[in-house]
Amino acid sequence: MPDHSPAILSPNERIKGASRHLRGTIADGLSNAVTGALADDDTQLTKFHGIYQQDDRDLRPERRKKKLEPAYSFMARVRIPGGVLNAAQWLTLDRIADAQANGTIRLTTRQAVQFHGIIKSNLRDAIRAIDAGLLDTIAACGDVNRNVMCSADPRASGAHAAALDLARALSTHLTPQTGAYREIWLDGEKVEGGEPEVEPVYGATYLPRKFKTVVAVPPDNDVDVYAHDLGFIAIVEDGAVAGWNVTVGGGMGMTHGEPRTFPRTADLLGFCTTDRATALAEAIVTVQRDWGDRSDRKQARLKYTIERHGLEAFRAEVERRAGFALEAPRPFAFDRTGDRYGWAKTAGGDWNLTLFVENGRVADRPGYALRSALRIIAEKQLAARRGADFRITPNQSLMICGLTHRAKAVVEATLRAHGVGNVHSGLRRNAVACVALPTCGLALAESERYLPSLIDALDAVLEEAGLREDEIVIRMSGCPNGCSRPYLAEIGLVGRAPGTYHLYLGAAFDGSRLNRLYRRDLDHDGILAALTPLIRAYAADRLSGERFGDFVIRTGHVALTLSGRTFHDDMSAGEPAA
Ligand code: SRM
Ligand code: SF4
């Protein structure tokens with residue numbers, strides 16, 4: 001057995017190891033009224049509880065001038081396996097948005113919900129309210145398996161139901177067993193005796209880095225299976241799920257100017273049946289636990305573990321630990337990563353609505369009262385004792401599922417009365433932006449607050465070219481960490497500095513191929529100047545059915561990128577600047 005223990009551990013390893021199963025001194029810090037912040041080490045540990053310390057970056061300069069500490073607040077991420085909520089849970093989240101957070105609910109790219117702007121003295125109340133709604137935030141962040149995603153529309157076929165069942169089973173199996181969450185946030189009681197002495201699956205220091213799992217149901221690749229550490233792809237044979245193709249080693253994050261970091265599409269590892277899926281996931285997680293790099297967090301994700309050891313060695317070790325061999329992957333085909341907006345009737349006669357939510361921000365704005373509309377819809381469903389549920393899509397949008405014909409009419413009228421339309425251009429329908437400023441501490445540029453206006457401008461160009469309805473995937477991230485999965489977008493924009501972005505082109509529409517750097521350090525006008533001729537050329541010269549991402553490769557604007565290793569190769573736009 002090779003020695004995989006690194007000579008020098010990263011500081012987070014010490015913090016985890018000394019944390020007494022993620023307790024640290026968080027509880028003491030919460031009662032310290034002198035500062036709005038927590039102790040530094042504790043801010044690493046709260047991530048495992050789904051909580052990030054942040055500060056309002058818009059207010060930083062003014063507060064610095066006044067010699068005040070930053071305007072600290074916390075982001076809490078609610079873990080929602082498969083993104084499925086009932087109407088009562090939606091109403092719980094809606095109340096928390098006002099009572100403890102900044103009045104908005106943020107749907108994330110991983111089917112979770114984030115609250116921003118929770119001040120320290122409100123944090124426990126927020127987590128208690130989440131708990132009262134039968135939800136939690138444990139393991140929504142941190143070096144563990146996080147929220148497990150699954151394709152969003154479970155009523156379309158039995159395969160979707162099986163996918164949701166698997167997502168929930170994986171989520172339960174891989175959730176840390178520490179009693180710290182309940183002790184710190186809920187009961188205040190010490191439950192040390194009530195938790196296992198050693199974390200099953202994770203051990204004392206958890207994983208070297210975050211770990212993300214998804215379940216996909218072809219032809220939808222809405223979960224972006226190739227972007228994740230671990231993926232299960234439903235293989236439907238004779239109308240039923242025969243089992244799952246398993247993918248490993250996807251990931252988006254990289255650092256500008258550090259070519260040893262790169263986005264990577266996952267590899268196909270093999271096929272397994274449903275009864276073996278959880279054991280297989282545990283084996284994969286434990287190999288990463290033991291083989292992942294604990295000295296350098298920038299090399300610690302599973303994608304780098306597989307690059308270092310090779311897929312064959314990784315598979316052999318996984319099979320050894322799981323106690324069975326994987327079968328060869330079976331055929332499947334994806335056709336898209338985006339959502340299918342609008343109404344759809346299910347086989348059972350119910351109605352599902354997929355509602356576009358721009359960048360996942362559920363808020364009330366003048367003339368567009370989305371949050372109020374959704375509250376009214378949830379209240380009516382609850383009062384009528386209907387079983388409709390709310391499902392967050394991996395593209396930050398929302399499904400309302402299981403509506404009767406009458407309820408459909410009520411939902412339509414409610415949305416209309418609140419100014420909420422569902423008709424958008426093909427580009428906007430396929431747009432995703434990460435949060436970025438003002439809350440994200442890592443943002444180099446705007447994203448959520450900027451992409452809508454950039455799309456306004458690009459829509460004008462598309463309209464003129466006769467392409468308004470054409471679906472083109474565009475994603476923006478405020479930094480190279482890639483929370484909107486921009487390297488799998490046909491048009492990817494990644495923040496470099498305020499108002500400045502790298503432009504990436506050429507990913508596949510079905511999410512199976514990375515894009516490549518096309519132009520760097522563009523401002524708003526630069527982005528338009530770079531994209532306008534390409535859009536016009538696409539309108540004039542594309543082949544029948546050719547996607548924009550394929551067109552820019554065929555016409556020689558960017559090279560085909562078949563693996564993460566080559567992502568930074570021969571860039572016409574030049575080496576990424578430091
Ligand atoms: Fe992310 C860190 C927001 C999905 C890659 N991400 C962050 C933090 C927590 C910033 C921080 O560490 O201080 C951001 C909080 C911003 C804020 O104010 O809310 C943040 N990430 C988000 C969300 C909310 C983006 C969104 O607009 O929806 C998504 C929450 C997902 C969830 O519910 O769990 C989100 N992040 C992703 C994804 C997409 C995905 O997983 O499908 C990725 C790329 C996939 C991947 O992990 O490789 C992603 N986030 C990162 C990274 C880079 C990780 C890496 O391997 O290098 C960081 C930074 C880090 O971990 O050091 C990061
Ligand atoms: Fe923040 Fe960067 Fe993620 Fe955007 S991509 S939310 S800026 S960490």
# chains A, B, ... in the order shown; residues from 1 in each chain; ligands from 1
$ select_by_dssp --residues "range 152-347 of chain A" --states "strand (DSSP E)" --output "ChimeraX atom specification"
/A:213-216,230-237,240-248,267-272,342-345
$ residues_near_ligand --ligand "ligand 1" --cutoff "6 Å" --atoms "only C-alpha atoms and all ligand atoms" --output "JSON, numbers by chain"
{"A": [108, 109, 110, 111, 112, 140, 147, 227, 251, 252, 253, 254, 301, 433, 434, 435, 436, 439, 440, 441, 442, 481, 482, 483, 484, 485]}
$ atom_distance --atom1 "CA of Thr213 in chain A" --atom2 "CA of His116 in chain A"
24.3 Å
$ closest_residue --among "A:Ala539, A:Val552, A:Ala373, A:Ala445" --to "ligand 2" --atoms "only C-alpha atoms and all ligand atoms"
A:Ala445
$ closest_residue --among "A:Asp364, A:Glu327, A:Asp222, A:Lys345" --to "Asp98 in chain A" --atoms "only C-alpha atoms"
A:Asp364
$ atom_distance --atom1 "CA of Arg289 in chain A" --atom2 "CA of Ala167 in chain A"
20.6 Å
$ atom_distance --atom1 "CA of His424 in chain A" --atom2 "CA of Leu451 in chain A"
14.3 Å
